[in-house]
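Below is one structure, written out as structure tokens; the observations come after it.
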Amino acid sequence: MNLKRTKLLVEPPATATSDIAFILIVFFLICASVEPDKGRAQVLPRSEPEKEKDKQSQTIEVELTRTAVILNGNPLTAERFARAIALKLADKTRDEDKIVAVKSRKEVPYSHWMQVTGIIEDAGGVITLQIEEEQTVTVQ
Amino acid sequence: MIVKRRQMDATIPAMAMGDIAFLLLIFFVILARARDDSHLQWKPAPGQELTRPQTMNASVVIDKYNVTHLNGREIPTVILGEALKKLLGENPAGRRTVMFKVHHEVTAVYFEPVIEAISEAGGELHHILKEEKKTR
């Protein structure tokens, strides 16, 4: 006796493909659009000529190297720097006294710069950048 | 004699729906990419107690190749200040936010002139960082 094999449906239902494609694309779009949008606001006073700076009260100077912080000439670790800058800024009442001049060497990475400026701002300091201007001098 | 009108089949072919949706979405994705900076390669520096900016008026990115971009388009640092001034116009304070996205390894020689240009243009800097949990 010959038994007939029942035919199975092997084709996927065509009407569902649009839904599958749509859901897949929405999934990939959401995955792709997860971008960081949180951060830290920073207020920087506009740059002013060197002469005007002389009139100001003594500003705190911070120099950054690739991995270290130098406060008024003394190299410090991040933890010690946080304590030292907080102490220095604690007794300052006027805004102009809270200005901290940050001078960075060329090789300072952004992550280190952000860490140090974050410490200064948390201590109540106002960041100002000290950038050396390049001048072209023609020698005859 | 009554002639019966032949009924036309007016169904939309379901098989093509997936392809249509797919092509439309690709079209919109390409359009969107041309305007934003999501195609740029950069990794944010870590930071704590981060906030989301209230407004976003311009976006400046320095990617991992130390190239500066304004709203997704490459721009030399020397003209960035002027371009930002035009872009921000006479916007009042609070509506001059510049999202600043810098690759964490970019050095001061590249990012400091950009910060200076943003500051000179009257932009309100908002550094975009990656949330880092506090270690005690």
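Quick note on naming: the chains in the structure tokens go A, B, ... in the order shown, residues restart at 1 in each chain, and ligands are numbered from 1 in order of appearance.
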Hey, could you make a per-residue contact list for chain B against chain A with 8 Å as the cut-off, showing the nearest pair of atoms and its distance in Å to one decimal, counting only C-alpha atoms, sorted by chain and number, as CSV?
residue,atom,partner,partner_atom,distance
B:Ala14,CA,A:Thr15,CA,5.3
B:Met15,CA,A:Ala14,CA,5.5
B:Ala16,CA,A:Ser18,CA,7.9
B:Met17,CA,A:Ser18,CA,5.2
B:Gly18,CA,A:Ser18,CA,3.6
B:Asp19,CA,A:Ser18,CA,7.4
B:Ala21,CA,A:Phe22,CA,6.6
B:Phe22,CA,A:Ala21,CA,6.8
B:Leu25,CA,A:Ile25,CA,7.7
B:Ser38,CA,A:Glu35,CA,7.7
B:Ala45,CA,A:Ser111,CA,4.9
B:Pro46,CA,A:Ser111,CA,6.8
B:Gly47,CA,A:Gln115,CA,7.3
B:Glu49,CA,A:Arg40,CA,7.9
B:Leu50,CA,A:Gly39,CA,4.6
B:Thr51,CA,A:Lys38,CA,5.2
B:Arg52,CA,A:Lys38,CA,4.5
B:Pro53,CA,A:Lys38,CA,7.1
B:Val102,CA,A:Tyr110,CA,7.3
B:His103,CA,A:Tyr110,CA,7.4
B:His104,CA,A:Ser111,CA,5.1
B:Glu105,CA,A:Pro109,CA,5.1
B:Val106,CA,A:Pro109,CA,5.5
B:Thr107,CA,A:Pro109,CA,4.3
B:Ala108,CA,A:Lys106,CA,5.1
B:Val109,CA,A:Lys106,CA,4.8
B:Phe111,CA,A:Tyr110,CA,7.5
B:Glu112,CA,A:Ile131,CA,7.8
B:Glu116,CA,A:Ser47,CA,7.8
B:Ser119,CA,A:Arg46,CA,6.0
B:Glu120,CA,A:Arg46,CA,5.9
B:Glu124,CA,A:Val43,CA,6.7
B:Leu125,CA,A:Gln42,CA,5.4
B:His126,CA,A:Ala41,CA,4.1
B:His127,CA,A:Arg40,CA,5.2
B:Ile128,CA,A:Gly39,CA,4.1
B:Leu129,CA,A:Gly39,CA,4.8
B:Lys130,CA,A:Pro36,CA,6.8
B:Glu131,CA,A:Lys38,CA,7.9
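Residues of chain B that DSSP places in strand (DSSP E or B), based on the backbone of this structure, are B:Pro46, B:Gly47, B:Thr51, B:Ala58, B:Ser59, B:Val60, B:Val61, B:Ile62, B:Thr68, B:His69, B:Leu70, B:Arg73, B:Glu74, B:Thr97, B:Val98, B:Met99, B:Phe100, B:Lys101, B:Val102, B:Thr107, B:Glu124, B:Leu125, B:His126, B:His127, B:Ile128, B:Lys130, B:Glu131.
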Exercise for the section: Write out as a ChimeraX atom specification all residues of chain B that DSSP puts in alpha helix (DSSP H) for this structure's backbone. Expected result: /B:17-35,77-88,108-120
Problem - Shell of 12 Å around Asp95 in chain A, only C-alpha atoms, local chain residues under 3 positions omitted, as a PyMOL selection string - result: chain A and resi 45+56-57+59+89+91-92+98-100+124-127
Would you list the contacts of Thr55 in chain B as a PDB file with C-alpha atoms, in the first residue's frame, taking every protein, DNA or RNA residue within 10 Å and counting only C-alpha atoms, but skipping same-chain residues closer than 2 positions in sequence?
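Contents of result32.pdb, freshly written:
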ATOM      1  CA  ARG B  52      21.938  67.182  29.728  1.00  0.00           C
ATOM      2  CA  PRO B  53      22.045  70.626  28.067  1.00  0.00           C
ATOM      3  CA  ASN B  57      22.563  75.338  19.100  1.00  0.00           C
ATOM      4  CA  ALA B  58      25.757  74.005  17.568  1.00  0.00           C
ATOM      5  CA  GLY B  94      20.954  80.165  27.429  1.00  0.00           C
ATOM      6  CA  ARG B  95      20.433  79.703  23.721  1.00  0.00           C
ATOM      7  CA  ARG B  96      24.088  79.683  22.728  1.00  0.00           C
ATOM      8  CA  THR B  97      24.946  76.159  23.796  1.00  0.00           C
ATOM      9  CA  VAL B  98      27.774  74.503  21.897  1.00  0.00           C
ATOM     10  CA  MET B  99      28.011  70.757  22.369  1.00  0.00           C
TER      11      MET B  99
END
